[in-house]
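Undergrad: Below is run-v2.txt; it holds compact mmCIF, C-alpha atoms and all ligand atoms.
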```txt
# COMPACT_ATOMS: atom_id res chain seq x y z
CA MET W 1 -54.20 -4.70 35.43
CA ASP W 2 -56.71 -1.86 35.87
CA LYS W 3 -57.04 -0.32 32.40
CA LEU W 4 -58.34 2.97 33.80
CA ALA W 5 -55.41 3.44 36.19
CA PRO W 6 -52.70 5.99 35.40
CA ILE W 7 -49.10 5.48 34.36
CA GLY W 8 -46.67 6.72 37.03
CA VAL W 9 -43.51 8.50 35.88
CA PHE W 10 -40.74 9.89 38.06
CA ASP W 11 -37.34 11.52 37.76
CA SER W 12 -34.89 13.33 40.01
CA GLY W 13 -36.42 16.48 38.51
CA ILE W 14 -38.04 17.76 35.35
CA GLY W 15 -35.81 15.79 32.95
CA GLY W 16 -38.25 12.88 32.85
CA LEU W 17 -40.75 15.17 31.16
CA SER W 18 -38.83 14.28 27.99
CA VAL W 19 -40.00 10.70 28.58
CA TRP W 20 -43.55 11.77 29.49
CA HIS W 21 -43.62 13.66 26.18
CA GLU W 22 -42.95 10.42 24.25
CA VAL W 23 -45.39 8.37 26.36
CA ARG W 24 -48.05 10.97 25.68
CA ALA W 25 -47.31 10.96 21.94
CA LEU W 26 -47.49 7.17 21.66
CA LEU W 27 -50.28 6.53 24.18
CA PRO W 28 -52.50 9.62 24.03
CA HIS W 29 -55.38 8.01 25.95
CA GLU W 30 -53.31 7.09 29.01
CA PRO W 31 -53.57 9.30 32.11
CA VAL W 32 -50.14 10.01 33.63
CA ILE W 33 -49.02 11.08 37.10
CA TYR W 34 -45.57 12.65 37.06
CA MET W 35 -43.37 13.20 40.09
CA ALA W 36 -40.34 15.51 39.85
CA ASP W 37 -38.05 15.06 42.85
CA SER W 38 -36.46 18.45 42.15
CA ASP W 39 -35.67 18.98 45.82
CA HIS W 40 -33.09 16.17 45.54
CA ALA W 41 -31.85 16.84 41.99
CA PRO W 42 -29.41 15.77 40.81
CA TYR W 43 -29.56 12.28 42.28
CA GLY W 44 -25.91 11.88 41.35
CA ARG W 45 -24.99 14.02 44.36
CA HIS W 46 -26.58 11.51 46.75
CA LYS W 47 -25.45 8.20 48.16
CA PRO W 48 -26.89 5.06 46.52
CA GLU W 49 -28.90 4.21 49.66
CA GLU W 50 -30.50 7.68 49.54
CA ILE W 51 -31.39 7.29 45.86
CA ILE W 52 -32.98 3.92 46.68
CA GLN W 53 -34.92 5.53 49.53
CA TYR W 54 -36.20 8.44 47.38
CA SER W 55 -37.15 6.06 44.55
CA GLU W 56 -39.00 3.80 46.97
CA GLU W 57 -40.90 6.69 48.57
CA ILE W 58 -41.92 8.10 45.19
CA SER W 59 -42.99 4.66 43.97
CA ARG W 60 -45.16 4.25 47.11
CA PHE W 61 -46.71 7.64 46.40
CA LEU W 62 -47.41 6.76 42.74
CA LEU W 63 -48.89 3.43 43.81
CA SER W 64 -51.09 5.22 46.37
CA GLN W 65 -52.41 7.21 43.39
CA GLY W 66 -53.25 3.91 41.69
CA ALA W 67 -50.36 3.66 39.17
CA LYS W 68 -50.60 0.47 37.08
CA ILE W 69 -47.02 0.72 35.81
CA ILE W 70 -44.09 2.93 36.84
CA VAL W 71 -41.56 4.51 34.49
CA ILE W 72 -38.25 5.42 36.11
CA ALA W 73 -37.50 8.34 33.79
CA CYS W 74 -34.03 8.76 35.26
CA ASN W 75 -30.87 6.92 34.22
CA THR W 76 -29.27 7.36 37.65
CA ALA W 77 -32.26 5.96 39.57
CA THR W 78 -32.66 3.13 37.04
CA GLY W 79 -29.05 2.03 37.48
CA ILE W 80 -29.20 2.13 41.26
CA ALA W 81 -32.77 1.36 42.28
CA ILE W 82 -34.69 -0.58 39.61
CA GLU W 83 -33.82 -4.06 40.89
CA HIS W 84 -34.77 -3.11 44.45
CA LEU W 85 -38.10 -1.60 43.29
CA ARG W 86 -38.92 -4.65 41.18
CA ARG W 87 -38.23 -6.87 44.18
CA ILE W 88 -40.47 -5.05 46.63
CA PHE W 89 -43.37 -3.83 44.48
CA ASN W 90 -45.84 -5.80 42.47
CA VAL W 91 -46.21 -3.56 39.38
CA PRO W 92 -44.07 -3.48 36.23
CA PHE W 93 -41.18 -0.98 36.26
CA VAL W 94 -39.69 0.38 33.04
CA GLY W 95 -36.28 2.05 33.28
CA MET W 96 -33.94 4.06 31.09
CA GLU W 97 -31.19 2.59 28.99
CA PRO W 98 -28.70 4.74 27.07
CA ALA W 99 -29.14 3.98 23.34
CA ILE W 100 -25.55 2.82 22.84
CA LYS W 101 -26.32 -0.32 20.86
CA PRO W 102 -28.44 1.36 18.13
CA ALA W 103 -25.84 4.13 17.91
CA ALA W 104 -23.03 1.61 17.50
CA GLU W 105 -24.97 -0.25 14.80
CA LYS W 106 -25.57 2.97 12.87
CA SER W 107 -22.06 4.38 13.10
CA LEU W 108 -20.03 4.56 9.89
CA THR W 109 -16.98 6.23 11.42
CA GLY W 110 -16.72 3.67 14.25
CA GLN W 111 -16.70 6.55 16.74
CA ILE W 112 -19.71 7.23 18.94
CA GLY W 113 -20.15 9.78 21.72
CA VAL W 114 -22.05 9.36 24.97
CA LEU W 115 -22.99 12.32 27.16
CA ALA W 116 -24.23 11.24 30.59
CA THR W 117 -23.78 11.75 34.31
CA ALA W 118 -20.88 10.17 36.20
CA GLN W 119 -23.24 7.68 37.93
CA THR W 120 -24.58 6.42 34.63
CA PHE W 121 -21.05 5.71 33.39
CA GLU W 122 -20.23 3.93 36.64
CA ALA W 123 -23.33 1.73 36.48
CA GLU W 124 -22.68 -1.95 35.89
CA HIS W 125 -25.02 -1.97 32.92
CA PHE W 126 -23.07 0.73 31.06
CA ARG W 127 -19.76 -1.00 31.72
CA ARG W 128 -21.07 -4.30 30.40
CA THR W 129 -22.54 -2.70 27.26
CA LYS W 130 -19.33 -0.79 26.66
CA SER W 131 -17.10 -3.83 26.86
CA ARG W 132 -19.49 -5.83 24.65
CA LEU W 133 -19.34 -3.20 21.91
CA ALA W 134 -15.67 -2.32 22.38
CA LYS W 135 -14.51 -4.40 19.43
CA ASP W 136 -16.96 -2.70 17.02
CA VAL W 137 -16.78 0.97 18.01
CA GLU W 138 -14.77 3.47 19.99
CA ILE W 139 -16.97 4.96 22.73
CA ASN W 140 -16.07 8.56 23.59
CA ILE W 141 -17.60 9.58 26.88
CA ALA W 142 -18.20 12.99 28.44
CA ILE W 143 -19.60 13.61 31.92
CA GLY W 144 -22.15 16.39 31.66
CA ASP W 145 -21.33 18.07 34.97
CA GLY W 146 -23.64 21.03 35.67
CA LEU W 147 -26.09 20.37 32.82
CA VAL W 148 -28.86 18.84 34.97
CA GLU W 149 -28.66 21.86 37.29
CA LEU W 150 -29.02 24.29 34.36
CA VAL W 151 -32.09 22.46 33.03
CA GLU W 152 -33.58 22.44 36.54
CA GLN W 153 -33.06 26.23 36.71
CA GLY W 154 -34.85 26.72 33.39
CA LYS W 155 -31.54 27.60 31.69
CA ALA W 156 -31.37 24.85 29.06
CA ILE W 157 -31.09 27.42 26.32
CA SER W 158 -28.44 29.74 27.71
CA GLU W 159 -24.86 30.90 27.27
CA GLU W 160 -23.84 28.81 30.31
CA ALA W 161 -25.28 25.67 28.73
CA ARG W 162 -23.65 26.50 25.40
CA SER W 163 -20.23 26.94 26.94
CA LEU W 164 -20.43 23.73 29.01
CA LEU W 165 -21.68 21.76 26.03
CA HIS W 166 -18.83 23.06 23.88
CA SER W 167 -16.32 21.83 26.43
CA TYR W 168 -17.95 18.36 26.56
CA LEU W 169 -18.75 17.88 22.87
CA ASP W 170 -15.91 19.55 20.97
CA PRO W 171 -13.36 16.83 21.85
CA MET W 172 -15.64 14.02 20.62
CA VAL W 173 -16.52 15.92 17.46
CA SER W 174 -12.75 16.19 16.81
CA GLU W 175 -12.50 12.42 17.25
CA GLY W 176 -14.96 12.02 14.37
CA ILE W 177 -18.11 10.75 16.12
CA ASP W 178 -21.14 10.39 13.86
CA GLN W 179 -23.56 9.32 16.65
CA LEU W 180 -24.23 11.09 19.94
CA VAL W 181 -26.12 9.25 22.70
CA LEU W 182 -27.91 11.30 25.35
CA GLY W 183 -27.64 9.26 28.55
CA CYS W 184 -29.65 11.53 30.82
CA THR W 185 -33.33 12.44 30.54
CA HIS W 186 -32.58 16.12 31.18
CA TYR W 187 -30.42 16.37 28.06
CA PRO W 188 -33.11 16.31 25.33
CA PHE W 189 -34.01 19.82 26.52
CA LEU W 190 -30.51 20.85 25.45
CA ILE W 191 -30.91 19.54 21.89
CA PRO W 192 -31.43 23.00 20.30
CA VAL W 193 -28.03 24.08 21.70
CA ILE W 194 -26.37 20.72 20.96
CA ARG W 195 -27.58 21.03 17.36
CA GLU W 196 -25.82 24.39 17.04
CA ILE W 197 -22.58 22.83 18.28
CA VAL W 198 -22.32 19.49 16.52
CA PRO W 199 -22.24 19.07 12.71
CA ARG W 200 -25.52 18.12 10.98
CA GLU W 201 -24.24 14.66 10.04
CA ILE W 202 -24.12 13.62 13.69
CA THR W 203 -27.23 11.68 14.72
CA ILE W 204 -28.50 12.43 18.23
CA HIS W 205 -29.99 9.43 20.06
CA ASN W 206 -32.65 10.03 22.69
CA PRO W 207 -33.82 6.71 24.23
CA SER W 208 -37.23 8.08 25.34
CA PRO W 209 -39.25 6.85 22.31
CA ALA W 210 -37.95 3.31 22.95
CA VAL W 211 -38.99 3.58 26.60
CA ALA W 212 -42.50 4.66 25.56
CA LYS W 213 -42.66 1.64 23.22
CA GLN W 214 -41.67 -0.65 26.07
CA VAL W 215 -44.50 0.81 28.21
CA GLN W 216 -46.92 0.18 25.33
CA ARG W 217 -45.68 -3.41 24.95
CA ILE W 218 -46.19 -4.16 28.64
CA LEU W 219 -49.66 -2.59 28.70
CA ILE W 220 -50.71 -4.63 25.67
CA GLN W 221 -49.31 -7.86 27.17
CA SER W 222 -51.03 -7.18 30.51
CA ASN W 223 -54.30 -6.19 28.85
CA GLY W 224 -53.94 -2.80 30.54
CA LEU W 225 -54.30 -0.26 27.70
CA HIS W 226 -56.67 2.56 28.59
CA PRO W 227 -59.77 2.71 26.37
CA GLU W 228 -59.86 5.62 23.95
CA GLN W 229 -60.91 8.93 25.49
CA ASP W 230 -60.90 12.51 24.27
CA GLN W 231 -58.69 14.09 26.86
CA ALA W 232 -56.28 12.09 29.00
CA GLN W 233 -55.56 13.61 32.40
CA TYR W 234 -52.02 14.59 33.39
CA THR W 235 -51.07 15.36 36.97
CA PHE W 236 -47.71 16.84 37.96
CA HIS W 237 -46.12 16.86 41.39
CA SER W 238 -42.81 18.32 42.51
CA SER W 239 -40.86 18.05 45.74
CA GLY W 240 -39.19 21.37 44.87
CA SER W 241 -40.14 24.57 43.09
CA ARG W 242 -43.15 24.25 40.79
CA GLU W 243 -42.22 27.17 38.60
CA VAL W 244 -39.80 25.50 36.21
CA LEU W 245 -41.94 22.34 36.10
CA ASP W 246 -45.09 24.32 35.28
CA ASN W 247 -43.29 26.43 32.66
CA MET W 248 -41.85 23.37 30.97
CA VAL W 249 -45.18 21.50 30.96
CA ALA W 250 -46.99 24.58 29.59
CA LYS W 251 -44.38 24.87 26.85
CA MET W 252 -44.62 21.19 25.93
CA LEU W 253 -48.43 21.19 25.95
CA GLY W 254 -48.36 24.39 23.89
CA GLU W 255 -46.44 22.58 21.18
N1 LIG W 301 -32.62 12.83 34.75
C1 LIG W 301 -31.56 12.19 35.50
C2 LIG W 301 -30.98 11.03 34.68
O1 LIG W 301 -31.50 10.71 33.61
C3 LIG W 301 -30.59 13.21 35.94
C4 LIG W 301 -29.36 12.78 36.66
C5 LIG W 301 -29.37 12.84 38.15
O2 LIG W 301 -30.34 13.26 38.76
O3 LIG W 301 -28.33 12.46 38.70
O4 LIG W 301 -30.04 10.39 35.08
```
Using the file provided, produce a representation of the structure as structure tokens.
TA:
Amino acid sequence: MDKLAPIGVFDSGIGGLSVWHEVRALLPHEPVIYMADSDHAPYGRHKPEEIIQYSEEISRFLLSQGAKIIVIACNTATGIAIEHLRRIFNVPFVGMEPAIKPAAEKSLTGQIGVLATAQTFEAEHFRRTKSRLAKDVEINIAIGDGLVELVEQGKAISEEARSLLHSYLDPMVSEGIDQLVLGCTHYPFLIPVIREIVPREITIHNPSPAVAKQVQRILIQSNGLHPEQDQAQYTFHSSGSREVLDNMVAKMLGE
């Protein structure tokens, strides 16, 4: 593996920046190329063969830029395309996995909540995990219809987001959940609003730090860690409007 090569990251839009944020925090010397396929967001509106096609095209682009590893920072694309991408390309792919198991292990009430897109709930992987954990915990699910679109429009912190989130989260709070799993990479941007809605005792699980750790593990195993440097380079591409992407990156770098 070429140590100096960048890490490629892609999502159906800007949601995967929540994963980039964790990769950057854990691996500050690694250059990253990010591709937001905002023109096609949300992927959930597309047929599986289209999602596979978009994921393949983006992976080819990232590889043409020299990517040494590719992070699929999208639960929908992971569920539908990761096996195909691993079959046809010769670089490691790291995908998203909703943090249901750690949430189930931590739950004291035996009730956990999962907020995700319809496609993530339909994915084989989710179904298998759910049935495996069914005897230990009750899994309350809510499909976050409309939330990805709001984040893509730069309206994560808005009245519209607040009202949708109330309708998705209030029923699971009434059921007594003490763990809430975010099963979509756009949702961490909604955490300030989610925090206002759900009681303090509820732990929110964002799987992005675990994904960054997995990237680190693979780079170490493959002897591909970038040597230390002062300023890693980050490059951002979008198939749609750059405005929201640029604003979000500026905000995150400002932090
Ligand atoms: N960020 C994507 C995910 O994590 C959004 C969902 C979609 O595009 O369908 O699944």
Undergrad: What does the structure give for the distance between atom CA of W:Val173 and atom CA of W:Val148, in Å to one decimal?
TA: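 Distance reported for this atom pair: 21.6 Å.
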Undergrad: Which is closest to ligand LIG 301 (chain W) among W:Gln229, W:Ser55, W:Gln119, W:Asn206, if we use all atoms listed in the file?
TA: W:Gln119
Undergrad: In Å to one decimal, how far is atom CA of W:His205 from atom CA of W:Asp246?
TA: 26.1 Å
Undergrad: So that each row is one residue of stretch 133-227 of chain W with an atom at most 8 Å from stretch 95-105 of chain W, can you give its shortest atom pair and the distance in Å to one decimal, using all atoms listed in the file, rows by chain and rising number, as JSON lines?
TA:
```
{"residue": "W:Leu133", "atom": "CA", "partner": "W:Ala104", "partner_atom": "CA", "distance": 7.5}
{"residue": "W:Asp136", "atom": "CA", "partner": "W:Ala104", "partner_atom": "CA", "distance": 7.5}
{"residue": "W:Val137", "atom": "CA", "partner": "W:Ala104", "partner_atom": "CA", "distance": 6.3}
{"residue": "W:Gln179", "atom": "CA", "partner": "W:Ala103", "partner_atom": "CA", "distance": 5.8}
{"residue": "W:Leu180", "atom": "CA", "partner": "W:Ala103", "partner_atom": "CA", "distance": 7.4}
{"residue": "W:Val181", "atom": "CA", "partner": "W:Ala99", "partner_atom": "CA", "distance": 6.1}
{"residue": "W:Leu182", "atom": "CA", "partner": "W:Pro98", "partner_atom": "CA", "distance": 6.8}
{"residue": "W:Gly183", "atom": "CA", "partner": "W:Pro98", "partner_atom": "CA", "distance": 4.9}
{"residue": "W:Cys184", "atom": "CA", "partner": "W:Pro98", "partner_atom": "CA", "distance": 7.8}
{"residue": "W:His205", "atom": "CA", "partner": "W:Ala99", "partner_atom": "CA", "distance": 6.4}
{"residue": "W:Asn206", "atom": "CA", "partner": "W:Ala99", "partner_atom": "CA", "distance": 7.0}
{"residue": "W:Pro207", "atom": "CA", "partner": "W:Ala99", "partner_atom": "CA", "distance": 5.5}
{"residue": "W:Ser208", "atom": "CA", "partner": "W:Met96", "partner_atom": "CA", "distance": 7.7}
{"residue": "W:Val211", "atom": "CA", "partner": "W:Met96", "partner_atom": "CA", "distance": 6.8}
```
Undergrad: Which residues, written as a compact mmCIF listing (two decimals) with C-alpha atoms, in the frame of the given file, have at least one atom at most 12 Å from W:Ala118, with only C-alpha atoms counted and residues fewer than 4 positions away on the same chain left out?
TA:
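Result file result-v2.txt:
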```txt
# COMPACT_ATOMS: atom_id res chain seq x y z
CA PRO W 42 -29.41 15.77 40.81
CA TYR W 43 -29.56 12.28 42.28
CA GLY W 44 -25.91 11.88 41.35
CA ARG W 45 -24.99 14.02 44.36
CA ASN W 75 -30.87 6.92 34.22
CA THR W 76 -29.27 7.36 37.65
CA GLY W 79 -29.05 2.03 37.48
CA VAL W 114 -22.05 9.36 24.97
CA GLU W 122 -20.23 3.93 36.64
CA ALA W 123 -23.33 1.73 36.48
CA PHE W 126 -23.07 0.73 31.06
CA ILE W 141 -17.60 9.58 26.88
CA ALA W 142 -18.20 12.99 28.44
CA ILE W 143 -19.60 13.61 31.92
CA GLY W 144 -22.15 16.39 31.66
CA ASP W 145 -21.33 18.07 34.97
CA GLY W 146 -23.64 21.03 35.67
CA LEU W 147 -26.09 20.37 32.82
CA VAL W 148 -28.86 18.84 34.97
CA GLY W 183 -27.64 9.26 28.55
CA CYS W 184 -29.65 11.53 30.82
```
Undergrad: Which one is closest to W:Ser18: W:Ser59, W:Ser107, W:Ser64, W:Thr185? Count all atoms listed in the file.
TA: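 The closest residue to W:Ser18 is W:Thr185.
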Undergrad: Distance atom C2 of ligand LIG 301 (chain W)-atom CA of W:Tyr187, one decimal place?
TA: 8.5 Å
Undergrad: Identify which of the residues W:Ile51, W:Leu108, W:Leu62, W:Leu190 lies closest to W:His84, counting only C-alpha atoms when measuring atom-to-atom distances.
TA: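 Using only C-alpha atoms, the shortest distance to W:His84 belongs to W:Ile51.
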Undergrad: Do you know which residues are at most 10 Å from W:Arg242 counting only C-alpha atoms, after dropping those on the same chain fewer than 5 positions away, and could you put them as a VMD selection string?
TA: chain W and resid 14 36 38 236 to 237 247 to 248
Undergrad: Using only C-alpha atoms, determine which residues lie at most 12 Å from W:Ser174, disregarding the query and same-chain residues fewer than 4 positions distant; provide the list as a list in words.
TA: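 In the requested form, the answer reads Gln111, Ile112, Gly113, Asn140, His166, Ser167, Tyr168, Leu169, Asp170, Asp178, Ile197, Val198 and Pro199 of chain W.
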Undergrad: Which residue is closest to ligand LIG 301 (chain W)? Choose from W:Ile218, W:Val151, W:Leu165, W:Leu245 and count all atoms listed in the file.
TA: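 Going through W:Ile218, W:Val151, W:Leu165, W:Leu245 one by one, the smallest distance to ligand LIG 301 (chain W) is for W:Val151.
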Undergrad: Using only C-alpha atoms, can you tell me which of W:Pro188, W:Glu152, W:His40, W:Ser241 comes closest to W:Pro209?
TA: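 The closest residue to W:Pro209 is W:Pro188.
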Undergrad: Applying 6 Å and all atoms listed in the file, which residues near stretch 65-67 of chain W remain after dropping the ones on its own chain fewer than 3 positions away? List them as a list in words.
TA: Ala5, Pro6, Ile7, Gly8 and Leu62 of chain W
Undergrad: Determine the nearest neighbour of W:Asp2 from the options W:Arg60, W:Arg200, W:Arg127, W:Lys68, counting only C-alpha atoms.
TA: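 Once distances to W:Asp2 are computed over only C-alpha atoms, the minimum belongs to W:Lys68.
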Undergrad: Do a neighbour search on W:Gln53 at 9 Å with all atoms listed in the file, toss out local chain neighbours closer than 5 positions, and write the hits as number ranges by chain.
TA: W: 48, 58, 81
Undergrad: Once you count only C-alpha atoms, which residues end up no further than 12 Å from (-60.0, 14.0, 25.2) in the file's frame, shown as a PyMOL selection string?
TA: chain W and resi 28-31+227-234
Undergrad: Filtering to N, CA and C atoms, could stretch 88-111 of chain W of the supplied structure be written out as a PDB file, in the first residue's frame?
TA:
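This went into selection-v9.pdb:
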```pdb
ATOM      1  N   ILE W  88     -14.976  -6.298  -7.330  1.00  0.00           N
ATOM      2  CA  ILE W  88     -14.381  -5.805  -8.580  1.00  0.00           C
ATOM      3  C   ILE W  88     -13.140  -4.921  -8.386  1.00  0.00           C
ATOM      4  N   PHE W  89     -12.942  -4.395  -7.182  1.00  0.00           N
ATOM      5  CA  PHE W  89     -11.774  -3.525  -6.982  1.00  0.00           C
ATOM      6  C   PHE W  89     -10.793  -4.147  -5.994  1.00  0.00           C
ATOM      7  N   ASN W  90      -9.540  -3.741  -6.202  1.00  0.00           N
ATOM      8  CA  ASN W  90      -8.479  -4.377  -5.430  1.00  0.00           C
ATOM      9  C   ASN W  90      -7.959  -3.496  -4.292  1.00  0.00           C
ATOM     10  N   VAL W  91      -8.836  -2.724  -3.654  1.00  0.00           N
ATOM     11  CA  VAL W  91      -8.416  -1.950  -2.473  1.00  0.00           C
ATOM     12  C   VAL W  91      -9.370  -2.325  -1.339  1.00  0.00           C
ATOM     13  N   PRO W  92      -8.964  -2.108  -0.095  1.00  0.00           N
ATOM     14  CA  PRO W  92      -9.905  -2.392   1.005  1.00  0.00           C
ATOM     15  C   PRO W  92     -11.068  -1.392   1.024  1.00  0.00           C
ATOM     16  N   PHE W  93     -12.263  -1.887   1.291  1.00  0.00           N
ATOM     17  CA  PHE W  93     -13.445  -1.045   1.475  1.00  0.00           C
ATOM     18  C   PHE W  93     -13.910  -1.180   2.923  1.00  0.00           C
ATOM     19  N   VAL W  94     -14.208  -0.042   3.550  1.00  0.00           N
ATOM     20  CA  VAL W  94     -14.772  -0.062   4.903  1.00  0.00           C
ATOM     21  C   VAL W  94     -16.173   0.530   4.797  1.00  0.00           C
ATOM     22  N   GLY W  95     -17.158  -0.171   5.356  1.00  0.00           N
ATOM     23  CA  GLY W  95     -18.540   0.307   5.257  1.00  0.00           C
ATOM     24  C   GLY W  95     -19.108   0.682   6.612  1.00  0.00           C
ATOM     25  N   MET W  96     -20.354   1.133   6.588  1.00  0.00           N
ATOM     26  CA  MET W  96     -21.044   1.539   7.812  1.00  0.00           C
ATOM     27  C   MET W  96     -21.800   0.352   8.401  1.00  0.00           C
ATOM     28  N   GLU W  97     -21.918   0.379   9.706  1.00  0.00           N
ATOM     29  CA  GLU W  97     -22.718  -0.646  10.378  1.00  0.00           C
ATOM     30  C   GLU W  97     -23.433   0.025  11.550  1.00  0.00           C
ATOM     31  N   PRO W  98     -24.778   0.012  11.564  1.00  0.00           N
ATOM     32  CA  PRO W  98     -25.452   0.644  12.702  1.00  0.00           C
ATOM     33  C   PRO W  98     -25.008  -0.013  14.020  1.00  0.00           C
ATOM     34  N   ALA W  99     -24.765   0.825  15.036  1.00  0.00           N
ATOM     35  CA  ALA W  99     -24.171   0.340  16.292  1.00  0.00           C
ATOM     36  C   ALA W  99     -25.218  -0.329  17.197  1.00  0.00           C
ATOM     37  N   ILE W 100     -25.897  -1.325  16.657  1.00  0.00           N
ATOM     38  CA  ILE W 100     -26.986  -1.939  17.431  1.00  0.00           C
ATOM     39  C   ILE W 100     -26.454  -2.821  18.561  1.00  0.00           C
ATOM     40  N   LYS W 101     -25.375  -3.554  18.249  1.00  0.00           N
ATOM     41  CA  LYS W 101     -24.853  -4.481  19.265  1.00  0.00           C
ATOM     42  C   LYS W 101     -24.343  -3.737  20.512  1.00  0.00           C
ATOM     43  N   PRO W 102     -23.468  -2.718  20.342  1.00  0.00           N
ATOM     44  CA  PRO W 102     -23.038  -1.996  21.558  1.00  0.00           C
ATOM     45  C   PRO W 102     -24.202  -1.349  22.304  1.00  0.00           C
ATOM     46  N   ALA W 103     -25.206  -0.892  21.559  1.00  0.00           N
ATOM     47  CA  ALA W 103     -26.367  -0.277  22.227  1.00  0.00           C
ATOM     48  C   ALA W 103     -27.116  -1.333  23.028  1.00  0.00           C
ATOM     49  N   ALA W 104     -27.295  -2.507  22.448  1.00  0.00           N
ATOM     50  CA  ALA W 104     -28.017  -3.584  23.138  1.00  0.00           C
ATOM     51  C   ALA W 104     -27.259  -4.006  24.400  1.00  0.00           C
ATOM     52  N   GLU W 105     -25.928  -4.053  24.295  1.00  0.00           N
ATOM     53  CA  GLU W 105     -25.128  -4.469  25.464  1.00  0.00           C
ATOM     54  C   GLU W 105     -25.214  -3.456  26.598  1.00  0.00           C
ATOM     55  N   LYS W 106     -25.385  -2.183  26.237  1.00  0.00           N
ATOM     56  CA  LYS W 106     -25.385  -1.121  27.242  1.00  0.00           C
ATOM     57  C   LYS W 106     -26.765  -0.881  27.860  1.00  0.00           C
ATOM     58  N   SER W 107     -27.801  -1.377  27.195  1.00  0.00           N
ATOM     59  CA  SER W 107     -29.159  -1.025  27.623  1.00  0.00           C
ATOM     60  C   SER W 107     -29.522  -1.656  28.974  1.00  0.00           C
ATOM     61  N   LEU W 108     -30.080  -0.824  29.852  1.00  0.00           N
ATOM     62  CA  LEU W 108     -30.562  -1.330  31.148  1.00  0.00           C
ATOM     63  C   LEU W 108     -32.067  -1.548  31.108  1.00  0.00           C
ATOM     64  N   THR W 109     -32.746  -0.786  30.237  1.00  0.00           N
ATOM     65  CA  THR W 109     -34.209  -0.918  30.165  1.00  0.00           C
ATOM     66  C   THR W 109     -34.631  -2.058  29.232  1.00  0.00           C
ATOM     67  N   GLY W 110     -33.668  -2.536  28.402  1.00  0.00           N
ATOM     68  CA  GLY W 110     -34.017  -3.594  27.444  1.00  0.00           C
ATOM     69  C   GLY W 110     -34.758  -3.049  26.239  1.00  0.00           C
ATOM     70  N   GLN W 111     -34.809  -1.724  26.130  1.00  0.00           N
ATOM     71  CA  GLN W 111     -35.457  -1.082  24.981  1.00  0.00           C
ATOM     72  C   GLN W 111     -34.423  -0.200  24.291  1.00  0.00           C
TER      73      GLN W 111
END
```
